[in-house]
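**Q** To start, I am sharing the structure in question, which I have written as C-alpha coordinates.
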Amino acid sequence: MSDVGDHICSTPGCGKQASLSCPKCLELNIKQSYFCSQDCFKAYYKTHNNLHKAATYVPPQFDYTGPLRPFYVSPMRTVPPQIQRPDYADHPQGISLLERASKSNEIEVYTADTIKKMRKTCAVSFFFSFSIKC
(Lines give C-alpha, C1' and ligand atoms only; values in the text may rest on other atoms or scores of the structure.)
Protein backbone atom coordinates (compact mmCIF):
# COMPACT_ATOMS: atom_id res chain seq x y z
CA MET A 1 0.00 0.00 0.00
CA SER A 2 1.36 3.41 -0.90
CA ASP A 3 0.55 6.80 0.59
CA VAL A 4 -1.87 9.13 -1.19
CA GLY A 5 -3.27 12.65 -0.73
CA ASP A 6 -6.75 13.82 0.35
CA HIS A 7 -9.17 11.02 -0.54
CA ILE A 8 -12.03 9.09 1.07
CA CYS A 9 -11.85 5.35 1.77
CA SER A 10 -13.23 3.15 -1.05
CA THR A 11 -14.73 0.61 1.34
CA PRO A 12 -18.55 1.02 1.31
CA GLY A 13 -19.86 2.52 4.54
CA CYS A 14 -16.46 3.64 5.82
CA GLY A 15 -16.18 7.28 4.70
CA LYS A 16 -12.94 7.94 6.62
CA GLN A 17 -9.99 9.91 5.30
CA ALA A 18 -7.91 7.59 3.10
CA SER A 19 -4.14 7.49 3.41
CA LEU A 20 -3.32 4.30 1.47
CA SER A 21 -3.73 3.11 -2.11
CA CYS A 22 -3.82 -0.43 -3.50
CA PRO A 23 -0.44 -1.31 -5.09
CA LYS A 24 -2.06 -3.52 -7.74
CA CYS A 25 -4.36 -0.63 -8.74
CA LEU A 26 -1.35 1.66 -9.09
CA GLU A 27 0.33 -0.95 -11.28
CA LEU A 28 -2.80 -1.29 -13.44
CA ASN A 29 -3.33 2.50 -13.47
CA ILE A 30 -6.76 2.23 -11.79
CA LYS A 31 -7.66 5.58 -10.26
CA GLN A 32 -9.78 6.36 -7.18
CA SER A 33 -8.90 3.25 -5.20
CA TYR A 34 -7.99 4.45 -1.70
CA PHE A 35 -8.26 2.98 1.80
CA CYS A 36 -8.05 4.37 5.33
CA SER A 37 -6.22 1.38 6.84
CA GLN A 38 -4.79 -2.05 6.09
CA ASP A 39 -7.73 -3.66 7.94
CA CYS A 40 -10.26 -1.77 5.78
CA PHE A 41 -8.37 -2.86 2.65
CA LYS A 42 -8.33 -6.53 3.76
CA ALA A 43 -12.05 -6.49 4.63
CA TYR A 44 -13.01 -5.17 1.18
CA TYR A 45 -10.35 -6.98 -0.87
CA LYS A 46 -12.53 -9.82 -2.22
CA THR A 47 -14.88 -7.32 -3.85
CA HIS A 48 -12.10 -4.89 -4.71
CA ASN A 49 -10.20 -7.62 -6.54
CA ASN A 50 -12.92 -7.62 -9.22
CA LEU A 51 -11.53 -4.26 -10.38
CA HIS A 52 -8.21 -5.95 -11.03
CA LYS A 53 -9.89 -8.77 -12.97
CA ALA A 54 -11.87 -6.32 -15.11
CA ALA A 55 -8.77 -4.24 -15.86
CA THR A 56 -6.77 -7.28 -16.96
CA TYR A 57 -9.59 -9.03 -18.87
CA VAL A 58 -8.57 -10.27 -22.30
CA PRO A 59 -11.40 -11.77 -24.37
CA PRO A 60 -10.80 -15.25 -25.80
CA GLN A 61 -9.19 -15.27 -29.23
CA PHE A 62 -11.79 -16.42 -31.75
CA ASP A 63 -12.34 -15.65 -35.40
CA TYR A 64 -15.14 -13.13 -34.89
CA THR A 65 -17.31 -12.25 -37.87
CA GLY A 66 -18.23 -8.74 -36.73
CA PRO A 67 -17.09 -5.91 -34.44
CA LEU A 68 -18.83 -7.15 -31.26
CA ARG A 69 -16.68 -8.73 -28.53
CA PRO A 70 -17.66 -10.41 -25.22
CA PHE A 71 -17.19 -8.63 -21.89
CA TYR A 72 -18.62 -8.61 -18.40
CA VAL A 73 -22.33 -7.89 -18.00
CA SER A 74 -22.87 -4.30 -16.89
CA PRO A 75 -24.90 -3.55 -13.75
CA MET A 76 -28.66 -3.47 -14.14
CA ARG A 77 -30.04 0.03 -14.66
CA THR A 78 -33.36 1.26 -13.30
CA VAL A 79 -36.25 2.60 -15.38
CA PRO A 80 -37.36 6.15 -14.41
CA PRO A 81 -40.68 6.22 -12.52
CA GLN A 82 -42.39 8.40 -15.16
CA ILE A 83 -42.12 5.55 -17.70
CA GLN A 84 -45.01 3.10 -17.42
CA ARG A 85 -43.85 -0.44 -16.70
CA PRO A 86 -45.33 -3.43 -18.56
CA ASP A 87 -47.09 -6.00 -16.38
CA TYR A 88 -44.39 -8.64 -16.96
CA ALA A 89 -41.71 -6.33 -15.52
CA ASP A 90 -43.05 -6.85 -11.99
CA HIS A 91 -43.82 -10.57 -12.35
CA PRO A 92 -41.10 -12.76 -10.73
CA GLN A 93 -40.86 -14.98 -13.84
CA GLY A 94 -41.44 -12.21 -16.40
CA ILE A 95 -44.85 -13.51 -17.49
CA SER A 96 -47.41 -11.13 -18.98
CA LEU A 97 -50.71 -11.82 -17.22
CA LEU A 98 -52.63 -9.59 -19.66
CA GLU A 99 -51.33 -11.59 -22.61
CA ARG A 100 -52.24 -14.87 -20.94
CA ALA A 101 -55.76 -13.61 -20.16
CA SER A 102 -56.32 -12.57 -23.79
CA LYS A 103 -55.37 -16.00 -25.18
CA SER A 104 -57.94 -18.77 -25.34
CA ASN A 105 -57.20 -22.43 -24.62
CA GLU A 106 -59.83 -23.57 -27.12
CA ILE A 107 -58.93 -24.71 -30.62
CA GLU A 108 -61.15 -23.05 -33.20
CA VAL A 109 -62.78 -25.53 -35.60
CA TYR A 110 -63.77 -24.08 -38.99
CA THR A 111 -66.70 -25.22 -41.08
CA ALA A 112 -66.23 -26.52 -44.62
CA ASP A 113 -67.68 -23.28 -46.01
CA THR A 114 -65.24 -21.13 -44.01
CA ILE A 115 -62.29 -23.25 -45.15
CA LYS A 116 -63.40 -22.86 -48.78
CA LYS A 117 -63.54 -19.05 -48.39
CA MET A 118 -60.10 -18.98 -46.75
CA ARG A 119 -58.59 -20.99 -49.63
CA LYS A 120 -60.14 -18.65 -52.20
CA THR A 121 -58.80 -15.60 -50.33
CA CYS A 122 -55.30 -17.11 -50.25
CA ALA A 123 -55.41 -17.90 -53.97
CA VAL A 124 -56.49 -14.34 -54.84
CA SER A 125 -53.80 -12.79 -52.63
CA PHE A 126 -51.19 -15.10 -54.16
CA PHE A 127 -52.22 -14.00 -57.66
CA PHE A 128 -52.06 -10.30 -56.75
CA SER A 129 -48.72 -10.62 -54.97
CA PHE A 130 -47.13 -11.53 -58.32
CA SER A 131 -49.05 -9.03 -60.42
CA ILE A 132 -48.11 -5.98 -58.34
CA LYS A 133 -44.73 -4.50 -59.32
CA CYS A 134 -42.80 -2.42 -56.82
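If you're wondering about the labels, chains in the C-alpha coordinates are A, B, ... by order shown, residues count from 1 in each chain, ligands from 1 in order shown.
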Which of chain A end up as strand (DSSP E) when DSSP is run on this backbone - answer as a PyMOL selection string?
**A** chain A and resi 2-8+17-21+34-35
**Q** Any idea what's packed within 6 Å of Ser96 in chain A, counting only C-alpha atoms, ignoring anything in its chain fewer than 3 positions away? Could you give it as a PyMOL selection string?
**A** chain A and resi 87-88+99
**Q** Those same residues - N, CA and C atoms - I'd like them written as a PDB file, in the first residue's frame.
**A**
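As a result, again-v6.pdb now contains:
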ATOM      1  N   ASP A  87     -46.714  -5.131 -17.493  1.00  0.00           N
ATOM      2  CA  ASP A  87     -47.089  -6.001 -16.383  1.00  0.00           C
ATOM      3  C   ASP A  87     -46.067  -7.110 -16.129  1.00  0.00           C
ATOM      4  N   TYR A  88     -45.375  -7.568 -17.152  1.00  0.00           N
ATOM      5  CA  TYR A  88     -44.394  -8.640 -16.958  1.00  0.00           C
ATOM      6  C   TYR A  88     -43.126  -8.163 -16.251  1.00  0.00           C
ATOM      7  N   GLU A  99     -51.434 -10.796 -21.390  1.00  0.00           N
ATOM      8  CA  GLU A  99     -51.328 -11.593 -22.610  1.00  0.00           C
ATOM      9  C   GLU A  99     -51.918 -12.987 -22.397  1.00  0.00           C
TER      10      GLU A  99
END
**Q** Write down as a list in words the residues of range 47-105 of chain A whose backbone DSSP state falls under helix (DSSP H, G or I).
**A** Thr47, His48, Asn49, Asn50, Leu51, His52, Lys53, Ala54, Ala55, Asp87, Tyr88, Ala89, Leu97, Leu98, Glu99, Arg100, Ala101 and Ser102 of chain A
**Q** Which residues, written as a ChimeraX atom specification, have at least one atom at most 7 Å from Tyr34 in chain A, with only C-alpha atoms counted and residues fewer than 5 positions away on the same chain left out?
**A** /A:7-10,18,20-22
**Q** Hey, can you check how far CA of Ile107 in chain A sits from CA of Ala123 in chain A?
**A** 24.6 Å
**Q** Which residues, written as an mmCIF file with N, CA and C atoms, in the first residue's frame, have at least one atom at most 12 Å from Pro86 in chain A, with only C-alpha atoms counted and residues fewer than 6 positions away on the same chain left out?
**A**
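This went into around_38.cif:
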data_model
loop_
_atom_site.group_PDB
_atom_site.id
_atom_site.type_symbol
_atom_site.label_atom_id
_atom_site.label_comp_id
_atom_site.auth_asym_id
_atom_site.auth_seq_id
_atom_site.Cartn_x
_atom_site.Cartn_y
_atom_site.Cartn_z
ATOM 1 N N VAL A 79 -35.393 1.837 -14.476
ATOM 2 C CA VAL A 79 -36.247 2.603 -15.376
ATOM 3 C C VAL A 79 -36.818 3.775 -14.589
ATOM 4 N N GLY A 94 -41.356 -12.985 -15.170
ATOM 5 C CA GLY A 94 -41.438 -12.206 -16.402
ATOM 6 C C GLY A 94 -42.595 -12.594 -17.295
ATOM 7 N N ILE A 95 -43.693 -13.071 -16.709
ATOM 8 C CA ILE A 95 -44.850 -13.513 -17.486
ATOM 9 C C ILE A 95 -45.868 -12.382 -17.579
ATOM 10 N N SER A 96 -46.391 -12.149 -18.783
ATOM 11 C CA SER A 96 -47.413 -11.131 -18.982
ATOM 12 C C SER A 96 -48.782 -11.739 -18.680
ATOM 13 N N LEU A 97 -49.397 -11.292 -17.598
ATOM 14 C CA LEU A 97 -50.707 -11.818 -17.216
ATOM 15 C C LEU A 97 -51.793 -11.326 -18.165
ATOM 16 N N LEU A 98 -51.655 -10.110 -18.701
ATOM 17 C CA LEU A 98 -52.627 -9.587 -19.664
ATOM 18 C C LEU A 98 -52.615 -10.405 -20.946
ATOM 19 N N GLU A 99 -51.434 -10.796 -21.390
ATOM 20 C CA GLU A 99 -51.328 -11.593 -22.610
ATOM 21 C C GLU A 99 -51.918 -12.987 -22.397
#
**Q** Nearest to Gly15 in chain A among A:Thr47, A:Asn105, A:Thr111, A:Ser37, with distances taken over only C-alpha atoms: which residue is it?
**A** A:Ser37
**Q** Tell me which protein, DNA and RNA residues are within 12 Å of range 70-78 of chain A, counting only C-alpha atoms, leaving out same-chain ones fewer than 3 positions away, and put them as a ChimeraX atom specification.
**A** /A:50-51,53-62,64,66-67,81-83,85,89
